[in-house]
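Listing of model.pdb; format and content: PDB, C-alpha atoms and all ligand atoms.
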ATOM      1  CA  MET L 532      44.941 -26.404  97.582  1.00  0.00           C
ATOM      2  CA  ALA L 533      46.442 -28.731  94.974  1.00  0.00           C
ATOM      3  CA  SER L 534      46.322 -31.812  97.186  1.00  0.00           C
ATOM      4  CA  THR L 535      42.538 -31.596  97.547  1.00  0.00           C
ATOM      5  CA  GLU L 536      41.834 -30.682  93.952  1.00  0.00           C
ATOM      6  CA  SER L 537      40.174 -33.974  93.151  1.00  0.00           C
ATOM      7  CA  SER L 538      37.633 -33.860  95.977  1.00  0.00           C
ATOM      8  CA  MET L 539      34.002 -33.249  95.014  1.00  0.00           C
ATOM      9  CA  MET L 540      33.411 -30.567  97.629  1.00  0.00           C
ATOM     10  CA  LYS L 541      35.782 -28.537  99.707  1.00  0.00           C
ATOM     11  CA  VAL L 542      35.206 -25.860 102.273  1.00  0.00           C
ATOM     12  CA  LEU L 543      37.537 -22.886 102.239  1.00  0.00           C
ATOM     13  CA  GLY L 544      39.113 -22.628 105.645  1.00  0.00           C
ATOM     14  CA  ASN L 545      40.872 -19.291 105.458  1.00  0.00           C
ATOM     15  CA  GLY L 546      41.243 -16.151 103.383  1.00  0.00           C
ATOM     16  CA  PRO L 547      38.485 -13.851 102.127  1.00  0.00           C
ATOM     17  CA  PHE L 548      36.199 -16.748 101.176  1.00  0.00           C
ATOM     18  CA  ALA L 549      36.457 -18.722 104.397  1.00  0.00           C
ATOM     19  CA  GLY L 550      33.355 -20.771 105.064  1.00  0.00           C
ATOM     20  CA  ARG L 551      32.284 -20.908 101.450  1.00  0.00           C
ATOM     21  CA  ALA L 552      32.426 -24.152  99.527  1.00  0.00           C
ATOM     22  CA  LEU L 553      33.702 -25.241  96.139  1.00  0.00           C
ATOM     23  CA  GLU L 554      31.843 -28.000  94.365  1.00  0.00           C
ATOM     24  CA  LEU L 555      33.678 -29.782  91.573  1.00  0.00           C
ATOM     25  CA  MET L 556      31.946 -29.234  88.237  1.00  0.00           C
ATOM     26  CA  ILE L 557      34.450 -30.178  85.500  1.00  0.00           C
ATOM     27  CA  THR L 558      37.648 -32.121  86.149  1.00  0.00           C
ATOM     28  CA  GLU L 559      41.122 -31.360  84.901  1.00  0.00           C
ATOM     29  CA  GLU L 560      40.990 -34.519  82.752  1.00  0.00           C
ATOM     30  CA  GLU L 561      37.651 -33.577  81.181  1.00  0.00           C
ATOM     31  CA  ILE L 562      39.002 -30.143  80.294  1.00  0.00           C
ATOM     32  CA  ALA L 563      42.161 -31.610  78.761  1.00  0.00           C
ATOM     33  CA  THR L 564      40.192 -34.108  76.658  1.00  0.00           C
ATOM     34  CA  ARG L 565      37.831 -31.441  75.360  1.00  0.00           C
ATOM     35  CA  LEU L 566      40.617 -28.992  74.490  1.00  0.00           C
ATOM     36  CA  LYS L 567      42.497 -31.711  72.655  1.00  0.00           C
ATOM     37  CA  ALA L 568      39.406 -32.373  70.517  1.00  0.00           C
ATOM     38  CA  ILE L 569      38.845 -28.671  69.809  1.00  0.00           C
ATOM     39  CA  GLY L 570      42.531 -28.265  68.970  1.00  0.00           C
ATOM     40  CA  ALA L 571      42.293 -31.089  66.446  1.00  0.00           C
ATOM     41  CA  GLU L 572      39.204 -29.510  64.851  1.00  0.00           C
ATOM     42  CA  LEU L 573      40.927 -26.136  64.602  1.00  0.00           C
ATOM     43  CA  SER L 574      44.066 -27.657  63.090  1.00  0.00           C
ATOM     44  CA  GLN L 575      41.930 -29.418  60.515  1.00  0.00           C
ATOM     45  CA  ARG L 576      39.918 -26.293  59.694  1.00  0.00           C
ATOM     46  CA  TYR L 577      42.716 -23.747  59.441  1.00  0.00           C
ATOM     47  CA  GLY L 578      45.591 -25.831  58.086  1.00  0.00           C
ATOM     48  CA  ASP L 579      48.413 -23.592  56.881  1.00  0.00           C
ATOM     49  CA  SER L 580      46.375 -20.353  56.752  1.00  0.00           C
ATOM     50  CA  GLY L 581      48.121 -18.964  59.853  1.00  0.00           C
ATOM     51  CA  PRO L 582      45.207 -17.788  62.006  1.00  0.00           C
ATOM     52  CA  ILE L 583      45.612 -15.397  64.912  1.00  0.00           C
ATOM     53  CA  PHE L 584      44.184 -16.395  68.274  1.00  0.00           C
ATOM     54  CA  ILE L 585      42.916 -13.509  70.386  1.00  0.00           C
ATOM     55  CA  GLY L 586      42.505 -14.272  74.058  1.00  0.00           C
ATOM     56  CA  ILE L 587      40.329 -12.115  76.295  1.00  0.00           C
ATOM     57  CA  LEU L 588      42.236 -11.289  79.457  1.00  0.00           C
ATOM     58  CA  ASN L 589      42.385 -12.084  82.160  1.00  0.00           C
ATOM     59  CA  GLY L 590      40.282 -15.221  82.317  1.00  0.00           C
ATOM     60  CA  SER L 591      41.357 -16.867  79.059  1.00  0.00           C
ATOM     61  CA  TYR L 592      45.080 -17.076  79.758  1.00  0.00           C
ATOM     62  CA  ILE L 593      45.021 -20.709  80.813  1.00  0.00           C
ATOM     63  CA  VAL L 594      42.632 -21.885  78.086  1.00  0.00           C
ATOM     64  CA  MET L 595      44.804 -20.086  75.552  1.00  0.00           C
ATOM     65  CA  ALA L 596      47.978 -21.760  76.790  1.00  0.00           C
ATOM     66  CA  ASP L 597      46.505 -25.245  76.866  1.00  0.00           C
ATOM     67  CA  LEU L 598      44.465 -24.981  73.650  1.00  0.00           C
ATOM     68  CA  THR L 599      47.269 -23.637  71.501  1.00  0.00           C
ATOM     69  CA  ARG L 600      49.570 -26.426  72.662  1.00  0.00           C
ATOM     70  CA  GLU L 601      47.107 -28.885  71.110  1.00  0.00           C
ATOM     71  CA  LEU L 602      47.536 -27.343  67.637  1.00  0.00           C
ATOM     72  CA  ASP L 603      49.790 -28.651  64.923  1.00  0.00           C
ATOM     73  CA  ILE L 604      49.463 -25.680  62.580  1.00  0.00           C
ATOM     74  CA  PRO L 605      51.213 -22.301  62.316  1.00  0.00           C
ATOM     75  CA  PHE L 606      49.439 -19.607  64.350  1.00  0.00           C
ATOM     76  CA  GLU L 607      49.934 -16.336  66.235  1.00  0.00           C
ATOM     77  CA  VAL L 608      48.509 -15.131  69.520  1.00  0.00           C
ATOM     78  CA  ASP L 609      47.423 -11.742  70.775  1.00  0.00           C
ATOM     79  CA  PHE L 610      45.371 -10.554  73.738  1.00  0.00           C
ATOM     80  CA  ILE L 611      42.739  -7.975  74.517  1.00  0.00           C
ATOM     81  CA  LYS L 612      41.734  -7.036  78.033  1.00  0.00           C
ATOM     82  CA  LEU L 613      38.064  -6.472  78.611  1.00  0.00           C
ATOM     83  CA  SER L 614      36.106  -6.416  81.794  1.00  0.00           C
ATOM     84  CA  SER L 615      32.406  -6.795  82.397  1.00  0.00           C
ATOM     85  CA  TYR L 616      32.619  -7.612  86.083  1.00  0.00           C
ATOM     86  CA  GLY L 617      33.656  -5.416  88.958  1.00  0.00           C
ATOM     87  CA  SER L 618      34.478  -7.124  92.201  1.00  0.00           C
ATOM     88  CA  GLY L 619      32.063  -9.781  93.379  1.00  0.00           C
ATOM     89  CA  THR L 620      29.959 -12.238  91.455  1.00  0.00           C
ATOM     90  CA  SER L 621      27.644 -10.258  89.192  1.00  0.00           C
ATOM     91  CA  THR L 622      28.152  -8.436  85.919  1.00  0.00           C
ATOM     92  CA  THR L 623      28.195  -4.643  85.854  1.00  0.00           C
ATOM     93  CA  GLY L 624      26.300  -4.574  82.571  1.00  0.00           C
ATOM     94  CA  THR L 625      28.954  -2.637  80.683  1.00  0.00           C
ATOM     95  CA  VAL L 626      32.156  -3.729  78.993  1.00  0.00           C
ATOM     96  CA  ARG L 627      35.342  -1.752  79.464  1.00  0.00           C
ATOM     97  CA  LEU L 628      38.292  -1.962  77.077  1.00  0.00           C
ATOM     98  CA  LEU L 629      41.385  -2.068  79.276  1.00  0.00           C
ATOM     99  CA  LYS L 630      43.991  -3.177  76.708  1.00  0.00           C
ATOM    100  CA  ASP L 631      43.630  -3.436  72.928  1.00  0.00           C
ATOM    101  CA  ILE L 632      45.207  -6.010  70.597  1.00  0.00           C
ATOM    102  CA  SER L 633      48.539  -5.139  69.008  1.00  0.00           C
ATOM    103  CA  ALA L 634      48.141  -7.017  65.729  1.00  0.00           C
ATOM    104  CA  ASP L 635      46.543  -5.774  62.512  1.00  0.00           C
ATOM    105  CA  ILE L 636      43.764  -8.297  61.870  1.00  0.00           C
ATOM    106  CA  THR L 637      42.656  -6.933  58.503  1.00  0.00           C
ATOM    107  CA  GLY L 638      42.517  -9.844  56.066  1.00  0.00           C
ATOM    108  CA  ARG L 639      43.329 -12.374  58.791  1.00  0.00           C
ATOM    109  CA  ASP L 640      41.537 -15.432  60.121  1.00  0.00           C
ATOM    110  CA  VAL L 641      40.794 -14.596  63.737  1.00  0.00           C
ATOM    111  CA  ILE L 642      39.885 -17.059  66.492  1.00  0.00           C
ATOM    112  CA  VAL L 643      38.619 -15.493  69.712  1.00  0.00           C
ATOM    113  CA  VAL L 644      39.336 -17.500  72.852  1.00  0.00           C
ATOM    114  CA  GLU L 645      37.168 -17.081  75.955  1.00  0.00           C
ATOM    115  CA  ASP L 646      37.088 -18.880  79.254  1.00  0.00           C
ATOM    116  CA  ILE L 647      33.367 -18.284  79.773  1.00  0.00           C
ATOM    117  CA  ILE L 648      30.419 -16.707  78.024  1.00  0.00           C
ATOM    118  CA  ASP L 649      27.930 -15.674  80.679  1.00  0.00           C
ATOM    119  CA  THR L 650      25.508 -12.925  79.609  1.00  0.00           C
ATOM    120  CA  GLY L 651      27.201 -12.612  76.215  1.00  0.00           C
ATOM    121  CA  LEU L 652      27.960  -8.934  76.790  1.00  0.00           C
ATOM    122  CA  THR L 653      31.740  -9.255  76.409  1.00  0.00           C
ATOM    123  CA  ILE L 654      31.723 -11.417  73.302  1.00  0.00           C
ATOM    124  CA  ASN L 655      29.039  -9.320  71.564  1.00  0.00           C
ATOM    125  CA  PHE L 656      31.115  -6.202  72.226  1.00  0.00           C
ATOM    126  CA  LEU L 657      34.300  -7.815  70.951  1.00  0.00           C
ATOM    127  CA  ARG L 658      32.690  -9.269  67.840  1.00  0.00           C
ATOM    128  CA  ARG L 659      31.435  -5.851  66.763  1.00  0.00           C
ATOM    129  CA  ARG L 660      34.824  -4.313  67.434  1.00  0.00           C
ATOM    130  CA  LEU L 661      36.782  -6.951  65.534  1.00  0.00           C
ATOM    131  CA  GLU L 662      34.440  -6.901  62.522  1.00  0.00           C
ATOM    132  CA  GLU L 663      35.192  -3.184  62.076  1.00  0.00           C
ATOM    133  CA  ALA L 664      38.823  -4.075  61.325  1.00  0.00           C
ATOM    134  CA  GLY L 665      37.907  -6.194  58.288  1.00  0.00           C
ATOM    135  CA  PRO L 666      39.193  -9.665  59.178  1.00  0.00           C
ATOM    136  CA  THR L 667      38.763 -12.502  56.656  1.00  0.00           C
ATOM    137  CA  SER L 668      36.909 -14.530  59.269  1.00  0.00           C
ATOM    138  CA  VAL L 669      36.183 -14.513  62.980  1.00  0.00           C
ATOM    139  CA  SER L 670      35.331 -17.646  64.919  1.00  0.00           C
ATOM    140  CA  PHE L 671      34.788 -18.161  68.608  1.00  0.00           C
ATOM    141  CA  VAL L 672      36.037 -20.703  71.108  1.00  0.00           C
ATOM    142  CA  THR L 673      34.828 -20.746  74.685  1.00  0.00           C
ATOM    143  CA  LEU L 674      35.615 -23.268  77.354  1.00  0.00           C
ATOM    144  CA  LEU L 675      32.314 -22.626  79.133  1.00  0.00           C
ATOM    145  CA  LEU L 676      28.948 -21.363  77.903  1.00  0.00           C
ATOM    146  CA  LYS L 677      25.960 -20.496  80.044  1.00  0.00           C
ATOM    147  CA  GLU L 678      23.520 -21.457  77.328  1.00  0.00           C
ATOM    148  CA  ASP L 679      20.373 -20.431  79.192  1.00  0.00           C
ATOM    149  CA  VAL L 680      21.764 -17.017  80.109  1.00  0.00           C
ATOM    150  CA  ALA L 681      23.817 -15.865  77.122  1.00  0.00           C
ATOM    151  CA  LYS L 682      22.145 -13.507  74.685  1.00  0.00           C
ATOM    152  CA  LEU L 683      23.957 -13.977  71.383  1.00  0.00           C
ATOM    153  CA  ASP L 684      22.836 -13.276  67.844  1.00  0.00           C
ATOM    154  CA  PHE L 685      25.581 -15.401  66.296  1.00  0.00           C
ATOM    155  CA  PRO L 686      26.749 -18.971  66.895  1.00  0.00           C
ATOM    156  CA  ILE L 687      29.717 -19.924  69.051  1.00  0.00           C
ATOM    157  CA  ASP L 688      31.807 -22.221  66.882  1.00  0.00           C
ATOM    158  CA  TYR L 689      33.528 -24.279  69.585  1.00  0.00           C
ATOM    159  CA  VAL L 690      32.080 -24.783  73.058  1.00  0.00           C
ATOM    160  CA  GLY L 691      33.979 -26.804  75.617  1.00  0.00           C
ATOM    161  CA  PHE L 692      31.089 -27.303  78.026  1.00  0.00           C
ATOM    162  CA  SER L 693      27.601 -25.884  78.453  1.00  0.00           C
ATOM    163  CA  ILE L 694      27.058 -25.192  82.118  1.00  0.00           C
ATOM    164  CA  PRO L 695      24.152 -24.158  84.367  1.00  0.00           C
ATOM    165  CA  ASN L 696      23.832 -20.612  85.675  1.00  0.00           C
ATOM    166  CA  GLU L 697      26.202 -20.978  88.617  1.00  0.00           C
ATOM    167  CA  PHE L 698      29.192 -18.864  89.621  1.00  0.00           C
ATOM    168  CA  VAL L 699      32.268 -20.847  88.646  1.00  0.00           C
ATOM    169  CA  VAL L 700      35.937 -20.480  89.505  1.00  0.00           C
ATOM    170  CA  GLY L 701      39.217 -22.126  88.563  1.00  0.00           C
ATOM    171  CA  TYR L 702      41.146 -22.748  85.350  1.00  0.00           C
ATOM    172  CA  GLY L 703      41.552 -19.006  84.826  1.00  0.00           C
ATOM    173  CA  LEU L 704      38.200 -17.953  86.277  1.00  0.00           C
ATOM    174  CA  ASP L 705      38.270 -15.830  89.407  1.00  0.00           C
ATOM    175  CA  VAL L 706      36.273 -14.483  92.264  1.00  0.00           C
ATOM    176  CA  ASP L 707      37.687 -11.110  93.247  1.00  0.00           C
ATOM    177  CA  GLN L 708      40.876 -12.019  91.329  1.00  0.00           C
ATOM    178  CA  GLN L 709      41.404 -15.170  93.437  1.00  0.00           C
ATOM    179  CA  MET L 710      41.302 -18.889  92.607  1.00  0.00           C
ATOM    180  CA  ARG L 711      42.331 -18.635  88.951  1.00  0.00           C
ATOM    181  CA  GLY L 712      45.013 -21.271  89.559  1.00  0.00           C
ATOM    182  CA  LEU L 713      42.666 -24.116  90.468  1.00  0.00           C
ATOM    183  CA  LYS L 714      43.185 -26.848  87.914  1.00  0.00           C
ATOM    184  CA  ALA L 715      39.527 -27.844  87.595  1.00  0.00           C
ATOM    185  CA  ILE L 716      36.284 -25.845  87.350  1.00  0.00           C
ATOM    186  CA  TYR L 717      34.305 -25.451  90.568  1.00  0.00           C
ATOM    187  CA  SER L 718      30.951 -23.975  91.453  1.00  0.00           C
ATOM    188  CA  LEU L 719      31.314 -21.455  94.284  1.00  0.00           C
ATOM    189  CA  LYS L 720      28.634 -22.020  96.888  1.00  0.00           C
ATOM    190  CA  GLU L 721      27.542 -19.354  99.360  1.00  0.00           C
ATOM    191  CA  GLN L 722      27.790 -21.667 102.360  1.00  0.00           C
ATOM    192  CA  ALA L 723      29.314 -25.057 103.030  1.00  0.00           C
TER     193      ALA L 723
HETATM  194  C1  LIG M 801      34.643 -12.748  82.554  1.00  0.00           C
HETATM  195  C2  LIG M 801      35.032 -13.794  81.531  1.00  0.00           C
HETATM  196  C3  LIG M 801      34.447 -13.254  80.256  1.00  0.00           C
HETATM  197  C4  LIG M 801      33.238 -12.466  80.729  1.00  0.00           C
HETATM  198  C5  LIG M 801      31.988 -13.209  80.417  1.00  0.00           C
HETATM  199  O1  LIG M 801      35.580 -11.722  82.496  1.00  0.00           O
HETATM  200  O2  LIG M 801      36.422 -13.948  81.450  1.00  0.00           O
HETATM  201  O3  LIG M 801      35.343 -12.422  79.571  1.00  0.00           O
HETATM  202  O4  LIG M 801      33.373 -12.305  82.132  1.00  0.00           O
HETATM  203  O5  LIG M 801      30.857 -12.551  80.915  1.00  0.00           O
HETATM  204  P1  LIG M 801      29.724 -11.947  79.989  1.00  0.00           P
HETATM  205  O6  LIG M 801      29.381 -12.984  78.938  1.00  0.00           O
HETATM  206  O7  LIG M 801      28.595 -11.723  80.952  1.00  0.00           O
HETATM  207  O8  LIG M 801      30.228 -10.686  79.379  1.00  0.00           O
HETATM  208  P2  LIG M 801      35.714 -10.621  83.648  1.00  0.00           P
HETATM  209  O9  LIG M 801      35.045  -9.373  83.182  1.00  0.00           O
HETATM  210  O10 LIG M 801      35.265 -11.200  84.948  1.00  0.00           O
HETATM  211  O11 LIG M 801      37.257 -10.331  83.687  1.00  0.00           O
HETATM  212  P3  LIG M 801      38.456 -11.382  83.891  1.00  0.00           P
HETATM  213  O12 LIG M 801      38.516 -12.210  82.623  1.00  0.00           O
HETATM  214  O13 LIG M 801      39.632 -10.506  84.073  1.00  0.00           O
HETATM  215  O14 LIG M 801      38.153 -12.234  85.084  1.00  0.00           O
END

What does the file become when written as structure tokens?
Ligand code: PRP
Amino acid sequence: MASTESSMMKVLGNGPFAGRALELMITEEEIATRLKAIGAELSQRYGDSGPIFIGILNGSYIVMADLTRELDIPFEVDFIKLSSYGSGTSTTGTVRLLKDISADITGRDVIVVEDIIDTGLTINFLRRRLEEAGPTSVSFVTLLLKEDVAKLDFPIDYVGFSIPNEFVVGYGLDVDQQMRGLKAIYSLKEQA
């Protein structure tokens, strides 16, 4: 897989998605450049206040790792596991809490890290839940935002890329738990 990562389109030859195609949407380099810029903005904004980054598992694990390595400030990390998708490519319409955060966020600056905001269901759910704990502030970072699809009644502070309403995989994003390890973001096409 890695050797063909730079190609614009590749057809999957084996496995459960054989015959389907991946079309390159955002390159590894573009992601790195954008995360570096967001990291610099966050470092500038939070300084020595010691914010806590909360990643939403599973998808955000790679964004979290790469974004936090662009920071030059003190910070902590924690994770929450939520799921709005079952298997397949469409949302179930409900969010399930599968693992809660461990940290006490009362009086803390919190930065939520997402890989993608699609319908907005997950992030709306999490925002309400976090606010109940009385943090000093909550801001939101997402690598990808489906601007035309997401229903949000609050602004997303840091958006890596706005993308069209296509099913995307790679860089932490999966289809049926597969393909998270792709280094770029690809659109999954039904047929080659
Ligand atoms: C994905 C993604 C977001 C959410 C966005 O998670 O990581 O958390 O969907 O969709 P929404 O805006 O429509 O709520 P998913 O539930 O697929 O779990 P995963 O992170 O384990 O892949």

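With the shown file loaded, the PyMOL selection byres (((chain L and resi 554) around 9) and not hetatm) picks out Ser538, Met539, Met540, Lys541, Val542, Ala552, Leu553, Leu555, Met556, Ile716, Tyr717, Ser718, Leu719 and Lys720 of chain L.
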
Kindly save the residues from that selection, with C-alpha atoms included, as an mmCIF file, keeping the file's coordinate frame.
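The result, written out as part.cif:
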data_model
loop_
_atom_site.group_PDB
_atom_site.id
_atom_site.type_symbol
_atom_site.label_atom_id
_atom_site.label_comp_id
_atom_site.auth_asym_id
_atom_site.auth_seq_id
_atom_site.Cartn_x
_atom_site.Cartn_y
_atom_site.Cartn_z
ATOM 1 C CA SER L 538 37.633 -33.860 95.977
ATOM 2 C CA MET L 539 34.002 -33.249 95.014
ATOM 3 C CA MET L 540 33.411 -30.567 97.629
ATOM 4 C CA LYS L 541 35.782 -28.537 99.707
ATOM 5 C CA VAL L 542 35.206 -25.860 102.273
ATOM 6 C CA ALA L 552 32.426 -24.152 99.527
ATOM 7 C CA LEU L 553 33.702 -25.241 96.139
ATOM 8 C CA LEU L 555 33.678 -29.782 91.573
ATOM 9 C CA MET L 556 31.946 -29.234 88.237
ATOM 10 C CA ILE L 716 36.284 -25.845 87.350
ATOM 11 C CA TYR L 717 34.305 -25.451 90.568
ATOM 12 C CA SER L 718 30.951 -23.975 91.453
ATOM 13 C CA LEU L 719 31.314 -21.455 94.284
ATOM 14 C CA LYS L 720 28.634 -22.020 96.888
#

Give me, as a tab-separated table, the closest atom pair and its distance (Å, one decimal) for every residue of region 605-690 of chain L within a cut-off of 9 Å of region 557-569 of chain L, counting only C-alpha atoms, rows sorted by chain and rising number.
residue	atom	partner	partner_atom	distance
L:Val672	CA	L:Ile569	CA	8.5
L:Leu674	CA	L:Leu566	CA	8.1
L:Tyr689	CA	L:Ile569	CA	6.9
L:Val690	CA	L:Ile569	CA	8.5

Which residues of region 547-627 of chain L have any atom within 8 Å of an atom in region 649-657 of chain L when counting all atoms listed in the file, and what is the closest pair of atoms for each, with the distance in Å to one decimal? Order the rows by chain and rising number and write it as JSON lines.
{"residue": "L:Leu613", "atom": "CA", "partner": "L:Thr653", "partner_atom": "CA", "distance": 7.3}
{"residue": "L:Ser614", "atom": "CA", "partner": "L:Thr653", "partner_atom": "CA", "distance": 7.5}
{"residue": "L:Ser615", "atom": "CA", "partner": "L:Thr653", "partner_atom": "CA", "distance": 6.5}
{"residue": "L:Gly624", "atom": "CA", "partner": "L:Leu652", "partner_atom": "CA", "distance": 7.4}
{"residue": "L:Thr625", "atom": "CA", "partner": "L:Leu652", "partner_atom": "CA", "distance": 7.5}
{"residue": "L:Val626", "atom": "CA", "partner": "L:Thr653", "partner_atom": "CA", "distance": 6.1}

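Counting all atoms listed in the file, the residue from L:Ile642, L:Leu543, L:Val608, L:Leu675 that sits nearest to Gln722 (chain L) is L:Leu543.
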
What's the separation between CA of Asn589 (chain L) and CA of Leu573 (chain L), in Å to one decimal place?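 Taking CA of Asn589 (chain L) and CA of Leu573 (chain L), their separation equals 22.5 Å.
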
Picked residues, the PyMOL selection byres (((chain L and resi 585) around 10) and not hetatm), expected as a list in words: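 Applied to this file, the PyMOL selection byres (((chain L and resi 585) around 10) and not hetatm) returns Pro582, Ile583, Phe584, Gly586, Ile587, Leu588, Ser591, Met595, Glu607, Val608, Asp609, Phe610, Ile611, Ile632, Ala634, Val641, Ile642, Val643, Val644, Glu645, Phe671 and Val672 of chain L.
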
Selected residues written out, C-alpha atoms, as a compact mmCIF listing (two decimals), in the frame of the given file:
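Contents of result-v4.txt, freshly written:
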# COMPACT_ATOMS: atom_id res chain seq x y z
CA PRO L 582 45.21 -17.79 62.01
CA ILE L 583 45.61 -15.40 64.91
CA PHE L 584 44.18 -16.40 68.27
CA GLY L 586 42.50 -14.27 74.06
CA ILE L 587 40.33 -12.12 76.30
CA LEU L 588 42.24 -11.29 79.46
CA SER L 591 41.36 -16.87 79.06
CA MET L 595 44.80 -20.09 75.55
CA GLU L 607 49.93 -16.34 66.24
CA VAL L 608 48.51 -15.13 69.52
CA ASP L 609 47.42 -11.74 70.78
CA PHE L 610 45.37 -10.55 73.74
CA ILE L 611 42.74 -7.98 74.52
CA ILE L 632 45.21 -6.01 70.60
CA ALA L 634 48.14 -7.02 65.73
CA VAL L 641 40.79 -14.60 63.74
CA ILE L 642 39.88 -17.06 66.49
CA VAL L 643 38.62 -15.49 69.71
CA VAL L 644 39.34 -17.50 72.85
CA GLU L 645 37.17 -17.08 75.96
CA PHE L 671 34.79 -18.16 68.61
CA VAL L 672 36.04 -20.70 71.11
